[in-house]
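*Asks:* See query.pdb below, with PDB, C-alpha atoms, pLDDT in the B column.
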```pdb
ATOM      1  CA  MET A  16      52.698   7.398 -30.864  1.00 65.00           C
ATOM      2  CA  MET A  17      55.161   6.717 -28.022  1.00 54.00           C
ATOM      3  CA  GLY A  18      55.173   3.055 -28.910  1.00 62.00           C
ATOM      4  CA  PHE A  19      56.170   3.827 -32.499  1.00 67.00           C
ATOM      5  CA  LEU A  20      59.028   6.156 -31.418  1.00 64.00           C
ATOM      6  CA  THR A  21      60.269   3.513 -28.978  1.00 61.00           C
ATOM      7  CA  PHE A  22      60.356   0.948 -31.771  1.00 67.00           C
ATOM      8  CA  VAL A  23      62.234   3.360 -34.084  1.00 66.00           C
ATOM      9  CA  ALA A  24      64.816   4.154 -31.359  1.00 61.00           C
ATOM     10  CA  PHE A  25      65.326   0.450 -30.718  1.00 67.00           C
ATOM     11  CA  VAL A  26      65.837  -0.273 -34.435  1.00 71.00           C
ATOM     12  CA  VAL A  27      68.361   2.603 -34.746  1.00 64.00           C
ATOM     13  CA  PHE A  28      70.202   1.315 -31.684  1.00 61.00           C
ATOM     14  CA  ILE A  29      70.472  -2.223 -33.160  1.00 74.00           C
ATOM     15  CA  VAL A  30      71.512  -0.928 -36.601  1.00 71.00           C
ATOM     16  CA  PHE A  31      74.356   1.239 -35.325  1.00 63.00           C
ATOM     17  CA  ILE A  32      75.561  -1.397 -32.873  1.00 66.00           C
ATOM     18  CA  ILE A  33      75.853  -3.791 -35.807  1.00 72.00           C
ATOM     19  CA  LYS A  34      77.688  -1.108 -37.884  1.00 67.00           C
ATOM     20  CA  GLY A  35      80.109  -0.449 -35.027  1.00 62.00           C
ATOM     21  CA  ILE A  36      80.878  -4.167 -34.694  1.00 67.00           C
ATOM     22  CA  ARG A  37      81.468  -4.499 -38.443  1.00 67.00           C
ATOM     23  CA  SER A  38      83.730  -1.389 -38.467  1.00 63.00           C
ATOM     24  CA  LYS A  39      85.772  -2.870 -35.628  1.00 60.00           C
ATOM     25  CA  LYS A  40      86.182  -6.133 -37.526  1.00 60.00           C
ATOM     26  CA  LYS A  41      87.421  -4.202 -40.551  1.00 59.00           C
ATOM     27  CA  ASN A  42      89.821  -2.250 -38.309  1.00 57.00           C
ATOM     28  CA  LYS A  43      87.931   0.960 -39.008  1.00 55.00           C
ATOM     29  CA  PRO A  44      87.062   3.494 -36.324  1.00 55.00           C
ATOM     30  CA  GLY A  45      83.503   2.801 -35.112  1.00 54.00           C
ATOM     31  CA  LYS A  46      83.169   5.421 -32.384  1.00 63.00           C
ATOM     32  CA  LYS A  47      80.621   7.400 -34.367  1.00 67.00           C
ATOM     33  CA  ASN A  48      78.425   4.354 -34.814  1.00 62.00           C
ATOM     34  CA  TYR A  49      78.636   3.488 -31.103  1.00 61.00           C
ATOM     35  CA  LEU A  50      77.794   7.072 -30.161  1.00 72.00           C
ATOM     36  CA  ILE A  51      74.695   7.058 -32.328  1.00 71.00           C
ATOM     37  CA  ALA A  52      73.779   3.629 -30.918  1.00 63.00           C
ATOM     38  CA  ILE A  53      74.136   4.954 -27.334  1.00 75.00           C
ATOM     39  CA  ILE A  54      71.973   7.983 -28.154  1.00 78.00           C
ATOM     40  CA  ALA A  55      69.381   5.692 -29.791  1.00 64.00           C
ATOM     41  CA  PHE A  56      69.433   3.437 -26.718  1.00 69.00           C
ATOM     42  CA  ILE A  57      68.877   6.409 -24.382  1.00 81.00           C
ATOM     43  CA  LEU A  58      65.960   7.577 -26.560  1.00 71.00           C
ATOM     44  CA  PHE A  59      64.626   4.022 -26.547  1.00 64.00           C
ATOM     45  CA  VAL A  60      64.663   3.945 -22.730  1.00 72.00           C
ATOM     46  CA  ILE A  61      63.025   7.409 -22.505  1.00 79.00           C
ATOM     47  CA  PHE A  62      60.298   6.543 -25.011  1.00 64.00           C
ATOM     48  CA  ALA A  63      59.699   3.181 -23.334  1.00 69.00           C
ATOM     49  CA  ILE A  64      59.213   4.845 -19.917  1.00 77.00           C
ATOM     50  CA  ALA A  65      57.004   7.554 -21.438  1.00 72.00           C
ATOM     51  CA  SER A  66      54.934   4.949 -23.279  1.00 68.00           C
ATOM     52  CA  SER A  67      54.494   2.916 -20.082  1.00 70.00           C
ATOM     53  CA  SER A  68      53.378   6.007 -18.115  1.00 67.00           C
ATOM     54  CA  SER A  69      50.979   7.012 -20.881  1.00 62.00           C
ATOM     55  CA  GLY A  70      49.471   3.506 -20.935  1.00 57.00           C
ATOM     56  CA  LYS A  71      48.934   3.539 -17.185  1.00 56.00           C
ATOM     57  CA  SER A  72      47.396   7.016 -17.366  1.00 56.00           C
ATOM     58  CA  ASN A  73      45.066   6.014 -20.188  1.00 55.00           C
ATOM     59  CA  LYS A  74      44.120   2.832 -18.348  1.00 54.00           C
ATOM     60  CA  SER A  75      43.422   4.813 -15.153  1.00 54.00           C
ATOM     61  CA  GLU A  76      41.320   7.356 -17.047  1.00 57.00           C
ATOM     62  CA  SER A  77      39.454   4.565 -18.802  1.00 55.00           C
ATOM     63  CA  THR A  78      38.776   2.828 -15.474  1.00 58.00           C
ATOM     64  CA  GLU A  79      37.537   6.081 -13.931  1.00 61.00           C
ATOM     65  CA  GLU A  80      35.293   6.737 -16.930  1.00 60.00           C
ATOM     66  CA  ASN A  81      33.869   3.208 -16.728  1.00 58.00           C
ATOM     67  CA  THR A  82      33.279   3.596 -12.989  1.00 59.00           C
ATOM     68  CA  LEU A  83      31.537   6.949 -13.478  1.00 59.00           C
ATOM     69  CA  THR A  84      29.437   5.490 -16.297  1.00 57.00           C
ATOM     70  CA  GLU A  85      28.405   2.509 -14.146  1.00 63.00           C
ATOM     71  CA  GLN A  86      27.556   4.833 -11.241  1.00 68.00           C
ATOM     72  CA  SER A  87      25.521   7.046 -13.550  1.00 59.00           C
ATOM     73  CA  ILE A  88      23.620   4.057 -14.940  1.00 61.00           C
ATOM     74  CA  SER A  89      23.027   2.697 -11.423  1.00 62.00           C
ATOM     75  CA  GLU A  90      21.771   6.077 -10.164  1.00 65.00           C
ATOM     76  CA  SER A  91      19.534   6.410 -13.212  1.00 59.00           C
ATOM     77  CA  GLN A  92      18.065   2.952 -12.658  1.00 65.00           C
ATOM     78  CA  THR A  93      17.562   3.676  -8.950  1.00 62.00           C
ATOM     79  CA  ALA A  94      15.839   6.976  -9.726  1.00 56.00           C
ATOM     80  CA  THR A  95      13.616   5.292 -12.309  1.00 56.00           C
ATOM     81  CA  THR A  96      12.695   2.478  -9.903  1.00 58.00           C
ATOM     82  CA  SER A  97      11.987   4.963  -7.106  1.00 60.00           C
ATOM     83  CA  SER A  98       9.854   7.084  -9.409  1.00 58.00           C
ATOM     84  CA  THR A  99       7.879   4.034 -10.575  1.00 58.00           C
ATOM     85  CA  GLN A 100       7.316   2.847  -7.000  1.00 66.00           C
ATOM     86  CA  SER A 101       6.234   6.342  -5.961  1.00 57.00           C
ATOM     87  CA  GLU A 102       3.763   6.504  -8.841  1.00 62.00           C
ATOM     88  CA  GLN A 103       2.400   3.060  -7.991  1.00 65.00           C
ATOM     89  CA  GLU A 104       2.033   3.984  -4.301  1.00 64.00           C
ATOM     90  CA  SER A 105       0.329   7.262  -5.198  1.00 57.00           C
ATOM     91  CA  SER A 106      -2.014   5.435  -7.571  1.00 60.00           C
ATOM     92  CA  THR A 107      -2.789   2.763  -4.956  1.00 60.00           C
ATOM     93  CA  SER A 108      -3.342   5.413  -2.261  1.00 58.00           C
ATOM     94  CA  ALA A 109      -5.636   7.417  -4.551  1.00 55.00           C
ATOM     95  CA  GLU A 110      -7.635   4.295  -5.474  1.00 66.00           C
ATOM     96  CA  SER A 111      -7.916   3.264  -1.807  1.00 59.00           C
ATOM     97  CA  SER A 112      -8.995   6.772  -0.805  1.00 58.00           C
ATOM     98  CA  THR A 113     -11.580   6.845  -3.596  1.00 59.00           C
ATOM     99  CA  GLU A 114     -12.927   3.419  -2.632  1.00 64.00           C
ATOM    100  CA  GLU A 115     -13.180   4.426   1.041  1.00 65.00           C
ATOM    101  CA  SER A 116     -14.875   7.676   0.112  1.00 57.00           C
ATOM    102  CA  ASN A 117     -17.331   5.866  -2.156  1.00 57.00           C
ATOM    103  CA  ALA A 118     -17.992   3.230   0.512  1.00 55.00           C
ATOM    104  CA  THR A 119     -18.601   5.921   3.155  1.00 54.00           C
ATOM    105  CA  SER A 120     -20.884   7.880   0.847  1.00 51.00           C
ATOM    106  CA  SER A 121     -22.748   4.721  -0.103  1.00 51.00           C
ATOM    107  CA  SER A 122     -23.119   3.682   3.543  1.00 50.00           C
ATOM    108  CA  THR A 123     -24.335   7.150   4.529  1.00 51.00           C
ATOM    109  CA  ALA A 124     -26.813   7.215   1.667  1.00 50.00           C
ATOM    110  CA  GLU A 125     -28.104   3.742   2.527  1.00 52.00           C
ATOM    111  CA  ASN A 126     -28.526   4.631   6.204  1.00 59.00           C
ATOM    112  CA  SER A 127     -30.260   7.929   5.485  1.00 64.00           C
ATOM    113  CA  ASN A 128     -32.681   6.197   3.073  1.00 85.00           C
ATOM    114  CA  LEU A 129     -33.160   3.058   5.169  1.00 95.00           C
ATOM    115  CA  THR A 130     -36.751   1.861   5.228  1.00 96.00           C
ATOM    116  CA  ILE A 131     -37.835  -1.158   7.268  1.00 97.00           C
ATOM    117  CA  GLU A 132     -41.271  -2.782   7.216  1.00 97.00           C
ATOM    118  CA  ILE A 133     -42.216  -4.877  10.245  1.00 98.00           C
ATOM    119  CA  THR A 134     -45.124  -7.282  10.437  1.00 97.00           C
ATOM    120  CA  ALA A 135     -45.730  -8.562  13.975  1.00 97.00           C
ATOM    121  CA  GLY A 136     -45.179 -12.322  14.299  1.00 95.00           C
ATOM    122  CA  GLU A 137     -42.750 -12.469  11.344  1.00 97.00           C
ATOM    123  CA  LEU A 138     -38.975 -12.427  11.908  1.00 97.00           C
ATOM    124  CA  GLY A 139     -38.053 -10.679   8.660  1.00 94.00           C
ATOM    125  CA  GLU A 140     -34.491  -9.378   8.283  1.00 95.00           C
ATOM    126  CA  TYR A 141     -33.982  -8.009  11.790  1.00 97.00           C
ATOM    127  CA  GLY A 142     -36.224 -10.199  13.978  1.00 97.00           C
ATOM    128  CA  LYS A 143     -35.000 -12.447  16.763  1.00 97.00           C
ATOM    129  CA  ASP A 144     -37.024 -14.702  19.083  1.00 97.00           C
ATOM    130  CA  LEU A 145     -36.946 -13.557  22.726  1.00 97.00           C
ATOM    131  CA  VAL A 146     -38.477 -15.013  25.910  1.00 97.00           C
ATOM    132  CA  LEU A 147     -39.361 -13.632  29.345  1.00 96.00           C
ATOM    133  CA  ASN A 148     -39.932 -15.987  32.299  1.00 94.00           C
ATOM    134  CA  GLU A 149     -38.756 -18.937  30.277  1.00 93.00           C
ATOM    135  CA  GLY A 150     -39.785 -22.324  31.652  1.00 90.00           C
ATOM    136  CA  THR A 151     -42.585 -20.935  33.841  1.00 90.00           C
ATOM    137  CA  GLU A 152     -46.337 -20.925  33.404  1.00 88.00           C
ATOM    138  CA  PHE A 153     -46.076 -17.199  32.675  1.00 87.00           C
ATOM    139  CA  GLU A 154     -43.605 -17.646  29.824  1.00 94.00           C
ATOM    140  CA  ASP A 155     -43.849 -14.706  27.390  1.00 94.00           C
ATOM    141  CA  LYS A 156     -42.499 -15.241  23.883  1.00 95.00           C
ATOM    142  CA  THR A 157     -42.050 -12.280  21.593  1.00 96.00           C
ATOM    143  CA  ILE A 158     -39.925 -11.016  18.685  1.00 97.00           C
ATOM    144  CA  GLY A 159     -37.328  -8.264  19.043  1.00 97.00           C
ATOM    145  CA  TYR A 160     -36.412  -6.354  15.878  1.00 98.00           C
ATOM    146  CA  PHE A 161     -32.755  -5.317  16.186  1.00 98.00           C
ATOM    147  CA  VAL A 162     -32.710  -2.560  13.578  1.00 97.00           C
ATOM    148  CA  PRO A 163     -29.628  -0.304  13.057  1.00 97.00           C
ATOM    149  CA  THR A 164     -29.274   2.355  15.735  1.00 97.00           C
ATOM    150  CA  GLY A 165     -30.701   5.799  14.979  1.00 96.00           C
ATOM    151  CA  THR A 166     -33.858   7.870  14.981  1.00 97.00           C
ATOM    152  CA  TYR A 167     -36.837   6.628  12.968  1.00 98.00           C
ATOM    153  CA  LYS A 168     -40.170   7.961  11.801  1.00 97.00           C
ATOM    154  CA  ILE A 169     -42.514   5.095  12.650  1.00 98.00           C
ATOM    155  CA  THR A 170     -45.892   4.908  10.889  1.00 98.00           C
ATOM    156  CA  ASN A 171     -48.772   2.565  11.610  1.00 98.00           C
ATOM    157  CA  ILE A 172     -49.632   1.126   8.173  1.00 97.00           C
ATOM    158  CA  GLY A 173     -51.821  -1.639   9.581  1.00 96.00           C
ATOM    159  CA  ASP A 174     -55.591  -1.817   9.947  1.00 96.00           C
ATOM    160  CA  TYR A 175     -55.676  -1.487  13.724  1.00 96.00           C
ATOM    161  CA  ARG A 176     -54.487   0.846  16.428  1.00 97.00           C
ATOM    162  CA  THR A 177     -51.153  -0.393  17.814  1.00 97.00           C
ATOM    163  CA  GLN A 178     -48.430   0.203  20.373  1.00 97.00           C
ATOM    164  CA  VAL A 179     -44.755   0.457  19.389  1.00 98.00           C
ATOM    165  CA  ASN A 180     -42.190  -0.501  22.041  1.00 97.00           C
ATOM    166  CA  VAL A 181     -38.449   0.134  22.144  1.00 98.00           C
ATOM    167  CA  TYR A 182     -36.874  -2.073  24.834  1.00 98.00           C
ATOM    168  CA  LYS A 183     -33.378  -2.631  26.144  1.00 97.00           C
ATOM    169  CA  ASN A 184     -32.187  -6.202  25.562  1.00 97.00           C
ATOM    170  CA  GLU A 185     -31.568  -6.784  29.244  1.00 96.00           C
ATOM    171  CA  LYS A 186     -33.801  -8.473  31.833  1.00 95.00           C
ATOM    172  CA  ASN A 187     -34.630  -7.421  35.371  1.00 94.00           C
ATOM    173  CA  LYS A 188     -36.625  -9.266  38.020  1.00 91.00           C
ATOM    174  CA  THR A 189     -39.513  -7.600  39.817  1.00 90.00           C
ATOM    175  CA  ASP A 190     -40.091  -7.870  43.540  1.00 88.00           C
ATOM    176  CA  GLU A 191     -42.549 -10.641  42.763  1.00 86.00           C
ATOM    177  CA  GLY A 192     -39.797 -12.583  40.960  1.00 87.00           C
ATOM    178  CA  TRP A 193     -40.995 -12.095  37.386  1.00 90.00           C
ATOM    179  CA  GLU A 194     -38.772 -10.958  34.530  1.00 95.00           C
ATOM    180  CA  GLU A 195     -39.275  -7.731  32.621  1.00 94.00           C
ATOM    181  CA  TRP A 196     -37.197  -5.665  30.190  1.00 96.00           C
ATOM    182  CA  ALA A 197     -34.731  -3.446  32.061  1.00 93.00           C
ATOM    183  CA  ASP A 198     -35.573  -0.233  30.192  1.00 95.00           C
ATOM    184  CA  GLY A 199     -37.872   0.919  27.435  1.00 95.00           C
ATOM    185  CA  LYS A 200     -40.487   3.287  26.112  1.00 97.00           C
ATOM    186  CA  SER A 201     -43.778   2.889  24.276  1.00 97.00           C
ATOM    187  CA  GLU A 202     -45.900   4.959  21.878  1.00 97.00           C
ATOM    188  CA  ALA A 203     -49.519   4.328  20.903  1.00 97.00           C
ATOM    189  CA  LEU A 204     -50.342   4.870  17.219  1.00 97.00           C
ATOM    190  CA  ASP A 205     -53.641   5.223  15.417  1.00 98.00           C
ATOM    191  CA  VAL A 206     -53.948   3.912  11.873  1.00 97.00           C
ATOM    192  CA  ASN A 207     -51.738   5.973   9.504  1.00 97.00           C
ATOM    193  CA  ALA A 208     -50.359   7.981  12.446  1.00 97.00           C
ATOM    194  CA  SER A 209     -46.589   8.535  12.845  1.00 97.00           C
ATOM    195  CA  VAL A 210     -44.150   9.144  15.675  1.00 97.00           C
ATOM    196  CA  GLU A 211     -40.392   9.620  15.981  1.00 97.00           C
ATOM    197  CA  MET A 212     -38.502   7.162  18.189  1.00 97.00           C
ATOM    198  CA  THR A 213     -34.783   6.571  18.777  1.00 97.00           C
ATOM    199  CA  VAL A 214     -33.294   3.084  18.898  1.00 98.00           C
ATOM    200  CA  ASP A 215     -30.015   3.071  20.838  1.00 97.00           C
ATOM    201  CA  ASP A 216     -27.311   0.411  20.787  1.00 97.00           C
ATOM    202  CA  GLY A 217     -28.505  -2.724  22.590  1.00 96.00           C
ATOM    203  CA  TYR A 218     -32.189  -1.858  22.149  1.00 98.00           C
ATOM    204  CA  PHE A 219     -34.832  -3.439  19.918  1.00 98.00           C
ATOM    205  CA  VAL A 220     -38.251  -2.588  18.462  1.00 98.00           C
ATOM    206  CA  ASN A 221     -41.235  -4.666  19.538  1.00 98.00           C
ATOM    207  CA  VAL A 222     -44.907  -4.814  18.433  1.00 97.00           C
ATOM    208  CA  ASP A 223     -47.688  -7.315  19.116  1.00 95.00           C
ATOM    209  CA  GLU A 224     -49.872  -8.996  16.512  1.00 95.00           C
ATOM    210  CA  PRO A 225     -51.578  -7.947  14.274  1.00 95.00           C
ATOM    211  CA  SER A 226     -49.437  -4.794  14.088  1.00 97.00           C
ATOM    212  CA  HIS A 227     -47.918  -3.654  10.806  1.00 98.00           C
ATOM    213  CA  ILE A 228     -45.513  -0.687  10.934  1.00 98.00           C
ATOM    214  CA  LEU A 229     -43.066   1.153   8.693  1.00 98.00           C
ATOM    215  CA  LEU A 230     -39.745   2.551   9.956  1.00 98.00           C
ATOM    216  CA  GLU A 231     -38.002   5.330   7.988  1.00 97.00           C
ATOM    217  CA  LYS A 232     -34.534   6.274   9.254  1.00 96.00           C
ATOM    218  CA  ILE A 233     -34.130  10.029   9.588  1.00 94.00           C
ATOM    219  CA  ASP A 234     -30.913  10.249  11.609  1.00 86.00           C
TER     220      ASP A 234
END
```
Is it possible to express this structure as structure tokens?

*Replies:*
Amino acid sequence: MMGFLTFVAFVVFIVFIIKGIRSKKKNKPGKKNYLIAIIAFILFVIFAIASSSSGKSNKSESTEENTLTEQSISESQTATTSSTQSEQESSTSAESSTEESNATSSSTAENSNLTIEITAGELGEYGKDLVLNEGTEFEDKTIGYFVPTGTYKITNIGDYRTQVNVYKNEKNKTDEGWEEWADGKSEALDVNASVEMTVDDGYFVNVDEPSHILLEKID
């Protein structure tokens, strides 16, 4: 609007300047025309200044609006990204927690239901060859069954009376210079008889041939 008024004022100014010049050439008074031209010029200047100020104001407001819009979009994107990351982390944490819980439950269930069958002279899953007095004429080879630590119900499922040993996997020398297991305990079992024995860390189960026993983990 200001631009239009400025243009009109400028046109009026030019028109009346021209009229004043023509009146002067014709030796007619042209004061009225010059006066109107001066007024039109003043209005032109005023409208021009007002139009310039209005343009700057509009430009400033437009810039501020654009800045606010960009900030709003940026904040919205940041909030969305943060929310997505939070959901992903929560989902990952929940899955990890569930997997750990399932693994713990599974491990506990497996341990509580663990059953091990040992046949003397056969390594099986837990057997390991051991030797006392190695390299001497009294060399004693045997098998140590390194089962998971815990308390077991041990049953003699063989055809003969047997002795079940739980030894520490550490050797001591007697006063005579012979090796023996540093610590241990033994239980004699009739056929089909059972006994509870605890296998601590660093200990192993041992039986001589032709023993055949069953271990059921109870703790």

*Asks:* Quick one: residues within 8 Å of stretch 224-227 of chain A, all atoms listed in the file, excluding same-chain residues fewer than 4 positions away - as a VMD selection string?

*Replies:* chain A and resid 132 to 136 171 to 177

*Asks:* For the selection you just gave me, I'd like the residues written to a file as a compact mmCIF listing (two decimals), in the coordinates of the input, keeping C-alpha atoms.

*Replies:*
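File produced: again-v8.txt:
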```txt
# COMPACT_ATOMS: atom_id res chain seq x y z
CA GLU A 132 -41.27 -2.78 7.22
CA ILE A 133 -42.22 -4.88 10.24
CA THR A 134 -45.12 -7.28 10.44
CA ALA A 135 -45.73 -8.56 13.98
CA GLY A 136 -45.18 -12.32 14.30
CA ASN A 171 -48.77 2.56 11.61
CA ILE A 172 -49.63 1.13 8.17
CA GLY A 173 -51.82 -1.64 9.58
CA ASP A 174 -55.59 -1.82 9.95
CA TYR A 175 -55.68 -1.49 13.72
CA ARG A 176 -54.49 0.85 16.43
CA THR A 177 -51.15 -0.39 17.81
```

*Asks:* For the file shown, report as a PyMOL selection string the outcome of the PyMOL selection byres ((chain A and resi 199) around 12) at residue level.

*Replies:* chain A and resi 179-187+195-198+200-202+212-215+217-221

*Asks:* What gap, in Å, lies between atom CA of A:Ile169 and atom CA of A:Ala208?

*Replies:*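 Distance between the two atoms: 8.4 Å.
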
*Asks:* What does the distance from atom CA of A:Ile228 to atom CA of A:Thr170 come to in Å, to one decimal?

*Replies:*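 We find that atom CA of A:Ile228 and atom CA of A:Thr170 lie 5.6 Å from each other.
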
*Asks:* Point out the residue among A:Ser209, A:Thr151, A:Thr164, A:Gln178 with the least atom-to-atom distance to A:Trp193, counting only C-alpha atoms.

*Replies:* A:Thr151

*Asks:* Suppose you want the space between atom CA of A:Val206 and atom CA of A:Leu230; what is it in Å?

*Replies:* 14.4 Å

*Asks:* Can you work out which one of A:Glu211, A:Asp223, A:Asp205, A:Asp234 has the shortest atom-to-atom distance to A:Tyr160, counting only C-alpha atoms?

*Replies:* A:Asp223

*Asks:* Evaluate the PyMOL selection byres ((chain A and resi 142) around 8) on the structure here and hand back the selected residues as an MDAnalysis selection string.

*Replies:* chainID A and resid 137:141 143:144 158:161

*Asks:* Check the smallest atom-to-atom distance from each of A:Val210, A:Leu147, A:Ile54, A:Val222 to A:Glu194 using only C-alpha atoms, then report the winner.

*Replies:*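 Going through A:Val210, A:Leu147, A:Ile54, A:Val222 one by one, the smallest distance to A:Glu194 is for A:Leu147.
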